Amino acid sequence: VIMKIDKSLLSGSTALLVLSLLSESDKYGYQMIGDLALRSENVFEFKEGTLYPVLHALEKEGALRSYEKEAPSGRTRRYYSITAKGRRLLSEKREQWGQFARAVELIVGRA
């Protein structure tokens, strides 16, 4: 049974999750939503309204770029790719996450 995760726990890590996925390969929005759900065993079930503002903010920041490409179905999709700036940001966010997770474990692990 999967417990619903408090959205406030997720808000600070959304960019980290998106950048991590895009560090592997270019992806389009629904593909990211599917990958996040699959790889997190459905703990992260993003809605478009959660994902797209993050993608747009990261693109505006220069961490991502987007381009359109025709899918095998003939449909045009907007793909996102990570930039060099995005890789640096991902590295920083991974480090921050590691420190945060260790600090939480030091407290919660003793309870």
# chains A, B, ... in the order shown; residues from 1 in each chain; ligands from 1
$ residues_around --residues "stretch 40-47 of chain A" --least-positions-apart "5" --cutoff "10 Å" --atoms "only C-alpha atoms" --output "list in words"
Ile2, Met3, Lys4, Ile5, Lys7, Leu10, Thr14, Leu17, Gly29, Tyr30, Met32, Ile33, Gly34, Asp35 and Tyr52 of chain A
$ select_by_dssp --residues "chain A" --states "strand (DSSP E)" --output "ChimeraX atom specification"
/A:27-28,64-70,76-82
$ residues_around --residues "stretch 72-83 of chain A" --least-positions-apart "3" --cutoff "8 Å" --atoms "only C-alpha atoms" --output "list in words"
Leu19, Leu22, Ser23, Ser25, Asp26, Lys27, Tyr28, Gly29, Gly62, Ala63, Leu64, Arg65, Ser66, Tyr67, Glu68, Lys69, Gly86 and Arg87 of chain A
$ select_by_dssp --residues "chain A" --states "alpha helix (DSSP H)" --output "VMD selection string"
chain A and resid 7 to 11 14 to 22 29 to 39 48 to 60 84 to 108
$ atom_distance --atom1 "atom CA of A:Leu21" --atom2 "atom CA of A:Ala37"
11.9 Å
